[in-house]
Amino acid sequence: MQVKVYVPRIIEVPSEYLPALAKRAADSLGDRASEVSATRGHLVRQAVQDGLLREFDELIGEDGTVDMVCDPGMEIPLELENKTLSLTELLETLQYKRGWGEVKAADAA
């Protein structure tokens with residue numbers, strides 16, 4: 001019998017890498033990036049694919065996907081000021097280091 005086991009580990013992804021990771025994760029989803037809620041998993045899986053977390057290389061499948069879950073009980077969407085962010089919104093916030101209110105104000109203009 002084969003059973004896949006996920007063992008909790010704490011990892012560190014430097015903050016300065018987050019905008020680039022969010023950009024590549026959003027690019028990989030294409031048009032769906034504005035609809036998909038951003039999660040820690042998107043950023044961590046992208047970090048694994050980019051080679052930033054070499055200790056997880058064995059989790060990269062032949063098709064390039066990363067078999068990893070980053071939050072217990074499924075992945076919890078990231079929030080800013082009590083608003084769930086899409087990958088596109090997360091990318092905008094990280095790139096420009098703006099608050100959520102500033103992002104929404106810019107979108108409305």
# chains A, B, ... in the order shown; residues from 1 in each chain; ligands from 1
>>> select_by_dssp(residues="chain A", states="helix (DSSP H, G or I)", output="JSON, numbers by chain")
{"A": [15, 16, 17, 18, 19, 20, 21, 22, 23, 24, 25, 26, 27, 28, 29, 30, 31, 32, 33, 34, 40, 41, 42, 43, 44, 45, 46, 47, 48, 49, 54, 55, 56, 57, 58, 59, 87, 88, 89, 90, 91, 92, 93, 94, 95, 96, 100, 101, 102, 103, 104, 105, 106, 107, 108]}
>>> write_last_selection(atoms="C-alpha atoms", output="PDB file, in the first residue's frame")
ATOM      1  CA  SER A  15      10.360  38.992   1.298  1.00  0.00           C
ATOM      2  CA  GLU A  16      12.299  40.567  -1.547  1.00  0.00           C
ATOM      3  CA  TYR A  17      11.505  37.504  -3.706  1.00  0.00           C
ATOM      4  CA  LEU A  18       7.728  37.666  -3.174  1.00  0.00           C
ATOM      5  CA  PRO A  19       6.856  40.119  -5.995  1.00  0.00           C
ATOM      6  CA  ALA A  20       8.774  38.053  -8.576  1.00  0.00           C
ATOM      7  CA  LEU A  21       7.256  34.792  -7.290  1.00  0.00           C
ATOM      8  CA  ALA A  22       3.749  36.290  -7.393  1.00  0.00           C
ATOM      9  CA  LYS A  23       4.377  37.530 -10.953  1.00  0.00           C
ATOM     10  CA  ARG A  24       5.502  34.120 -12.230  1.00  0.00           C
ATOM     11  CA  ALA A  25       2.658  32.350 -10.406  1.00  0.00           C
ATOM     12  CA  ALA A  26       0.146  34.797 -11.920  1.00  0.00           C
ATOM     13  CA  ASP A  27       1.732  34.433 -15.373  1.00  0.00           C
ATOM     14  CA  SER A  28       1.438  30.645 -15.146  1.00  0.00           C
ATOM     15  CA  LEU A  29      -2.329  30.994 -14.608  1.00  0.00           C
ATOM     16  CA  GLY A  30      -2.782  33.478 -17.440  1.00  0.00           C
ATOM     17  CA  ASP A  31      -6.210  35.120 -17.552  1.00  0.00           C
ATOM     18  CA  ARG A  32      -7.392  33.077 -14.555  1.00  0.00           C
ATOM     19  CA  ALA A  33      -4.944  34.929 -12.245  1.00  0.00           C
ATOM     20  CA  SER A  34      -7.516  37.659 -11.627  1.00  0.00           C
ATOM     21  CA  ARG A  40       0.921  30.819   0.330  1.00  0.00           C
ATOM     22  CA  GLY A  41       1.036  27.655  -1.751  1.00  0.00           C
ATOM     23  CA  HIS A  42       1.187  29.613  -5.021  1.00  0.00           C
ATOM     24  CA  LEU A  43       4.274  31.459  -3.772  1.00  0.00           C
ATOM     25  CA  VAL A  44       5.989  28.449  -2.201  1.00  0.00           C
ATOM     26  CA  ARG A  45       5.368  26.135  -5.177  1.00  0.00           C
ATOM     27  CA  GLN A  46       6.755  28.836  -7.472  1.00  0.00           C
ATOM     28  CA  ALA A  47       9.819  29.162  -5.208  1.00  0.00           C
ATOM     29  CA  VAL A  48      10.360  25.398  -5.515  1.00  0.00           C
ATOM     30  CA  GLN A  49       9.993  25.550  -9.312  1.00  0.00           C
ATOM     31  CA  ARG A  54      16.322  22.998  -3.274  1.00  0.00           C
ATOM     32  CA  GLU A  55      15.393  20.703  -0.389  1.00  0.00           C
ATOM     33  CA  PHE A  56      11.994  20.233  -2.088  1.00  0.00           C
ATOM     34  CA  ASP A  57      13.282  19.386  -5.580  1.00  0.00           C
ATOM     35  CA  GLU A  58      11.996  15.814  -5.224  1.00  0.00           C
ATOM     36  CA  LEU A  59       8.441  17.226  -5.128  1.00  0.00           C
ATOM     37  CA  LEU A  87      -3.088  36.535  -7.538  1.00  0.00           C
ATOM     38  CA  THR A  88      -3.281  39.651  -9.714  1.00  0.00           C
ATOM     39  CA  GLU A  89      -4.236  41.851  -6.740  1.00  0.00           C
ATOM     40  CA  LEU A  90      -1.470  40.322  -4.617  1.00  0.00           C
ATOM     41  CA  LEU A  91       1.032  41.035  -7.378  1.00  0.00           C
ATOM     42  CA  GLU A  92      -0.103  44.673  -7.645  1.00  0.00           C
ATOM     43  CA  THR A  93       0.126  45.128  -3.891  1.00  0.00           C
ATOM     44  CA  LEU A  94       3.595  43.557  -3.661  1.00  0.00           C
ATOM     45  CA  GLN A  95       5.022  45.330  -6.704  1.00  0.00           C
ATOM     46  CA  TYR A  96       3.995  48.776  -5.645  1.00  0.00           C
ATOM     47  CA  TRP A 100      -5.314  47.434  -0.403  1.00  0.00           C
ATOM     48  CA  GLY A 101      -7.263  50.728  -0.337  1.00  0.00           C
ATOM     49  CA  GLU A 102      -4.738  52.287  -2.708  1.00  0.00           C
ATOM     50  CA  VAL A 103      -5.003  49.341  -5.118  1.00  0.00           C
ATOM     51  CA  LYS A 104      -8.806  49.549  -5.176  1.00  0.00           C
ATOM     52  CA  ALA A 105      -8.714  53.351  -5.622  1.00  0.00           C
ATOM     53  CA  ALA A 106      -6.354  52.972  -8.590  1.00  0.00           C
ATOM     54  CA  ASP A 107      -8.611  50.311 -10.144  1.00  0.00           C
ATOM     55  CA  ALA A 108     -11.659  52.572  -9.798  1.00  0.00           C
TER      56      ALA A 108
END
>>> residues_around(residues="Ser37 (chain A)", least_positions_apart="4", cutoff="7 Å", atoms="only C-alpha atoms", output="PyMOL selection string")
chain A and resi 77+84-87
>>> atom_distance(atom1="CA of Val5 (chain A)", atom2="CA of Val36 (chain A)")
26.3 Å
>>> select_by_dssp(residues="chain A", states="strand (DSSP E)", output="JSON, numbers by chain")
{"A": [79, 80, 83, 84]}
>>> write_last_selection(atoms="N, CA and C atoms", output="PDB file, in the first residue's frame")
ATOM      1  N   GLU A  79      -5.220  37.269   2.721  1.00  0.00           N
ATOM      2  CA  GLU A  79      -6.085  38.427   2.891  1.00  0.00           C
ATOM      3  C   GLU A  79      -5.252  39.649   3.231  1.00  0.00           C
ATOM      4  N   LEU A  80      -5.759  40.799   2.855  1.00  0.00           N
ATOM      5  CA  LEU A  80      -5.176  42.078   3.221  1.00  0.00           C
ATOM      6  C   LEU A  80      -6.327  42.977   3.601  1.00  0.00           C
ATOM      7  N   LYS A  83      -9.798  41.450   3.122  1.00  0.00           N
ATOM      8  CA  LYS A  83     -10.226  41.201   1.755  1.00  0.00           C
ATOM      9  C   LYS A  83      -9.356  40.108   1.164  1.00  0.00           C
ATOM     10  N   THR A  84      -9.973  39.059   0.629  1.00  0.00           N
ATOM     11  CA  THR A  84      -9.238  38.006  -0.053  1.00  0.00           C
ATOM     12  C   THR A  84      -8.690  38.564  -1.357  1.00  0.00           C
TER      13      THR A  84
END
>>> atom_distance(atom1="CA of Met68 (chain A)", atom2="CA of Gln2 (chain A)")
17.1 Å
>>> closest_residue(among="A:Ile60, A:Asp50, A:Glu81, A:Cys70", to="Pro8 (chain A)", atoms="only C-alpha atoms")
A:Cys70
>>> closest_residue(among="A:Met1, A:Val69, A:Leu53, A:Ala38", to="Pro14 (chain A)", atoms="only C-alpha atoms")
A:Leu53
